[in-house]
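Okay, structure first, notes after.
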Amino acid sequence: MESTPRWLKVLDYITATMFIAAILMVFFYAPTEAVMGAVQRVFYFHVASGWVGMLGFLTTAVAGVVYLKTSCRIWDIVGLAAVEIGIVFVFITIVTGSIWARPVWNTWWTWDPRLTTAAFMELIYAAYIMLRQGIDDPDRRARFGAVYAIIGFVSVPFTFMSARMFRTIHPVVVGINQPGSLGGFDMTPRMLQTFLFSLLMFTFVFADLLWRRIRLGLLADKAAQMKMKRNE
Amino acid sequence: MFFQNAPANTINYMIAGFAVIYGVMLAYLISLVVRWKKLEREVEELKEIERKGE
């Protein structure tokens with residue numbers, strides 16, 4: 001039985017405490033937005049989930065570069081772990097965005113540049129997972145994964161900038177909204193504090209999940225090597 | 001007039017949004033735990049086979 005490292009347990013406790021604090025801030029500290037009402041509270045975790053997703057894809061691209069330089073297997077495991085987390089959180093972002101859009105935009109989905117690029121980004125990384133599974137040789141799979149992650153990362157800044165570059169109805173938090181954007185609002189100091197705390201809390205969630213997912217990857221690698229040794 | 005100035009009633013959408021956030025995160029956490037337990041069992045079994053083979 002593998003024991004959990006002490007620092008991972010500490011990170012678990014810090015993350016759980018921050019998670020509870022963020023929930024309390026979202027529901028009891030941040031004021032209700034004057035026009036959209038209660039659904040605006042989803043915004044704090046919607047943006048933070050998107051941030052974690054993009055952080056995951058960035059980590060994968062960095063891990064890909066390091067893998068290509070060092071050929072060290074751990075970086076392939078890090079890359080896969082980060083992609084998996086990124087996919088989960090971008091999925092949360094897309095679905096919560098759709099739920100928010102229904103009362104605000106009067107539609108669940110529209111092929112707006114931000115929504116379209118986010119959906120494509122999610123599909124690009126879902127394909128990363130699927131294509132990897134089709135390669136048996138671990139070194140080839142890792143090399144393919146590294147190159148794919150680096151090229152696929154182009155979709156991340158493109159998604160982030162899409163609401164700033166193109167005519168879109170999606171509001172932006174940082175920067176100036178497009179003239180036709182719907183659902184933007186001015187943040188009060190309490191809203192801003194809640195938003196920044198949510199971003200920080202989700203960063204801790206990412207670090208915690210990444211560590212745990214890397215440990216899972218290492219264990220899977222160990223099992224695969226033992227099986228190979230047995231079959232030789 | 002008072003009700004016209006009040007925020008829109010979007011509480012159901014808020015509940016749905018948070019249900020998705022907590023639900024997906026919980027499902028992912030459970031998947032990590034299940035996969036971890038399965039792999040741990042697998043490694044233990046492989047170790048046992050190795051020991052028997054020696």
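Ordering of the structure tokens sets the chain letters (A, B, ...), residue numbers begin anew at 1 in every chain, and ligands are numbered from 1 in the order given.
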
Residues near Lys38 of chain B, cut-off 12 Å, only C-alpha atoms, skip fewer than 5 positions along chain, as a VMD selection string: (chain A and resid 1 216 219 to 220 223) or (chain B and resid 31 to 33 43 to 45)

Selection from above, N, CA and C atoms, as an mmCIF file, in the first residue's frame, can you write it?
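part02.cif, freshly written:
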data_model
loop_
_atom_site.group_PDB
_atom_site.id
_atom_site.type_symbol
_atom_site.label_atom_id
_atom_site.label_comp_id
_atom_site.auth_asym_id
_atom_site.auth_seq_id
_atom_site.Cartn_x
_atom_site.Cartn_y
_atom_site.Cartn_z
ATOM 1 N N MET A 1 0.832 -1.208 0.000
ATOM 2 C CA MET A 1 0.000 0.000 0.000
ATOM 3 C C MET A 1 0.866 1.257 0.000
ATOM 4 N N LEU A 216 -1.191 8.616 -9.485
ATOM 5 C CA LEU A 216 -1.969 7.565 -10.147
ATOM 6 C C LEU A 216 -1.244 7.108 -11.416
ATOM 7 N N LEU A 219 1.726 4.981 -10.536
ATOM 8 C CA LEU A 219 1.300 3.641 -10.111
ATOM 9 C C LEU A 219 0.905 2.800 -11.329
ATOM 10 N N ALA A 220 0.220 3.439 -12.279
ATOM 11 C CA ALA A 220 -0.174 2.735 -13.515
ATOM 12 C C ALA A 220 1.076 2.311 -14.293
ATOM 13 N N ALA A 223 2.613 -0.681 -12.580
ATOM 14 C CA ALA A 223 1.842 -1.898 -12.885
ATOM 15 C C ALA A 223 2.143 -2.379 -14.305
ATOM 16 N N SER B 31 -13.575 8.949 -9.436
ATOM 17 C CA SER B 31 -12.869 8.179 -10.473
ATOM 18 C C SER B 31 -11.387 8.027 -10.110
ATOM 19 N N LEU B 32 -10.799 9.075 -9.518
ATOM 20 C CA LEU B 32 -9.388 8.980 -9.099
ATOM 21 C C LEU B 32 -9.219 7.927 -8.008
ATOM 22 N N VAL B 33 -10.129 7.937 -7.039
ATOM 23 C CA VAL B 33 -10.042 6.983 -5.922
ATOM 24 C C VAL B 33 -10.236 5.553 -6.426
ATOM 25 N N VAL B 43 -1.174 -4.110 -8.488
ATOM 26 C CA VAL B 43 0.256 -4.158 -8.138
ATOM 27 C C VAL B 43 0.498 -5.207 -7.057
ATOM 28 N N GLU B 44 -0.394 -5.254 -6.071
ATOM 29 C CA GLU B 44 -0.257 -6.251 -5.001
ATOM 30 C C GLU B 44 -0.328 -7.665 -5.575
ATOM 31 N N GLU B 45 -1.277 -7.886 -6.483
ATOM 32 C CA GLU B 45 -1.419 -9.210 -7.112
ATOM 33 C C GLU B 45 -0.169 -9.576 -7.907
#

Name all residues at most 12 Å from Glu42 of chain B (count only C-alpha atoms; drop same-chain ones fewer than 4 positions away) and give them as a PyMOL selection string. (chain A and resi 1+219-227) or (chain B and resi 35-38+46-49)

Report as a ChimeraX atom specification all protein, DNA and RNA residues lying within 12 Å of Val65 of chain A, evaluated on only C-alpha atoms, omitting residues in the same chain fewer than 6 positions from it. /A:58-59,71-72,75-76,78-79,142-151,153

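Closest approach to Met36 of chain A among B:Gly17, B:Arg41, B:Ala6, B:Leu29: B:Ala6, based on only C-alpha atoms.
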
Could you list the residues in chain A lying within 10 Å of chain B, using only C-alpha atoms, and format the result as an MDAnalysis selection string? chainID A and resid 1:2 32:43 45:46 49 84:85 88:89 91:93 95:104 209 212:213 215:217 219:224 226:227 229:230

Could you dump the residues just selected with C-alpha atoms as a PDB file, in the first residue's frame?
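Just written: result_8.pdb:
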ATOM      1  CA  MET A   1       0.000   0.000   0.000  1.00  0.00           C
ATOM      2  CA  GLU A   2       1.349   3.407  -1.018  1.00  0.00           C
ATOM      3  CA  THR A  32     -26.468  39.651  -5.669  1.00  0.00           C
ATOM      4  CA  GLU A  33     -25.966  41.197  -9.094  1.00  0.00           C
ATOM      5  CA  ALA A  34     -28.657  43.801  -9.802  1.00  0.00           C
ATOM      6  CA  VAL A  35     -29.836  42.577 -13.229  1.00  0.00           C
ATOM      7  CA  MET A  36     -28.991  38.863 -13.591  1.00  0.00           C
ATOM      8  CA  GLY A  37     -29.785  37.888 -10.009  1.00  0.00           C
ATOM      9  CA  ALA A  38     -28.640  34.617  -8.404  1.00  0.00           C
ATOM     10  CA  VAL A  39     -27.280  32.970 -11.571  1.00  0.00           C
ATOM     11  CA  GLN A  40     -24.434  35.500 -11.653  1.00  0.00           C
ATOM     12  CA  ARG A  41     -22.927  33.662  -8.656  1.00  0.00           C
ATOM     13  CA  VAL A  42     -21.998  30.825 -11.024  1.00  0.00           C
ATOM     14  CA  PHE A  43     -19.594  33.282 -12.693  1.00  0.00           C
ATOM     15  CA  PHE A  45     -16.503  29.222 -10.361  1.00  0.00           C
ATOM     16  CA  HIS A  46     -17.209  29.333 -14.119  1.00  0.00           C
ATOM     17  CA  SER A  49     -12.810  26.443 -13.878  1.00  0.00           C
ATOM     18  CA  GLU A  84      -7.241  15.036 -17.930  1.00  0.00           C
ATOM     19  CA  ILE A  85      -7.786  17.727 -15.296  1.00  0.00           C
ATOM     20  CA  VAL A  88     -12.773  18.074 -16.692  1.00  0.00           C
ATOM     21  CA  PHE A  89     -12.615  21.771 -15.812  1.00  0.00           C
ATOM     22  CA  PHE A  91     -16.228  20.834 -19.434  1.00  0.00           C
ATOM     23  CA  ILE A  92     -17.470  22.499 -16.221  1.00  0.00           C
ATOM     24  CA  THR A  93     -16.815  25.919 -17.788  1.00  0.00           C
ATOM     25  CA  VAL A  95     -21.751  23.584 -19.164  1.00  0.00           C
ATOM     26  CA  THR A  96     -21.998  26.290 -16.486  1.00  0.00           C
ATOM     27  CA  GLY A  97     -21.626  28.926 -19.203  1.00  0.00           C
ATOM     28  CA  SER A  98     -24.510  27.357 -21.067  1.00  0.00           C
ATOM     29  CA  ILE A  99     -26.666  27.352 -17.913  1.00  0.00           C
ATOM     30  CA  TRP A 100     -25.788  31.016 -17.276  1.00  0.00           C
ATOM     31  CA  ALA A 101     -26.522  31.899 -20.909  1.00  0.00           C
ATOM     32  CA  ARG A 102     -30.090  30.543 -20.854  1.00  0.00           C
ATOM     33  CA  PRO A 103     -31.622  33.354 -18.730  1.00  0.00           C
ATOM     34  CA  VAL A 104     -29.119  36.028 -19.802  1.00  0.00           C
ATOM     35  CA  LEU A 209      -5.580  17.106  -8.237  1.00  0.00           C
ATOM     36  CA  ARG A 212      -2.865  12.989  -7.036  1.00  0.00           C
ATOM     37  CA  ARG A 213      -3.250  12.271 -10.754  1.00  0.00           C
ATOM     38  CA  ARG A 215       0.745   9.577  -8.389  1.00  0.00           C
ATOM     39  CA  LEU A 216      -1.969   7.565 -10.147  1.00  0.00           C
ATOM     40  CA  GLY A 217       0.018   7.744 -13.402  1.00  0.00           C
ATOM     41  CA  LEU A 219       1.300   3.641 -10.111  1.00  0.00           C
ATOM     42  CA  ALA A 220      -0.174   2.735 -13.515  1.00  0.00           C
ATOM     43  CA  ASP A 221       3.339   2.885 -14.986  1.00  0.00           C
ATOM     44  CA  LYS A 222       4.640   0.621 -12.237  1.00  0.00           C
ATOM     45  CA  ALA A 223       1.842  -1.898 -12.885  1.00  0.00           C
ATOM     46  CA  ALA A 224       2.501  -1.785 -16.651  1.00  0.00           C
ATOM     47  CA  MET A 226       5.577  -5.302 -13.776  1.00  0.00           C
ATOM     48  CA  LYS A 227       3.240  -6.839 -16.375  1.00  0.00           C
ATOM     49  CA  LYS A 229       8.517  -7.997 -16.879  1.00  0.00           C
ATOM     50  CA  ARG A 230       6.195 -10.900 -16.182  1.00  0.00           C
TER      51      ARG A 230
END

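The set of residues in segment 140-175 of chain A assigned to helix (DSSP H, G or I) by DSSP, using only backbone atoms of this structure, is Arg140, Arg141, Ala142, Arg143, Phe144, Gly145, Ala146, Val147, Tyr148, Ala149, Ile150, Ile151, Gly152, Ser155, Val156, Pro157, Phe158, Thr159, Phe160, Met161, Ser162, Ala163, Arg164 and Met165 of chain A.
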
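As for atom CA of Met18 of chain A and atom CA of Ala63 of chain A, they are spaced 27.5 Å apart.
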
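Atom pair atom CA of Asn106 of chain A / atom CA of Leu123 of chain A has a distance of 25.3 Å (rounded to one decimal).
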
Atom-to-atom span, atom CA of His170 of chain A and atom CA of Asp112 of chain A, Å: 7.6 Å

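Near segment 190-192 of chain A, within a cut-off of 9 Å and counting only C-alpha atoms, sit the residues Met25, Val26, Tyr29, Ala30, Pro31, Tyr44, Met187, Phe195, Leu196 and Phe197 of chain A, with same-chain residues fewer than 3 positions away left out.
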
Go through A:Ser181, A:Ser155, A:Thr4, A:Ser198 and flag the residue nearest Trp105 of chain A, using only C-alpha atoms for the distances. A:Ser181
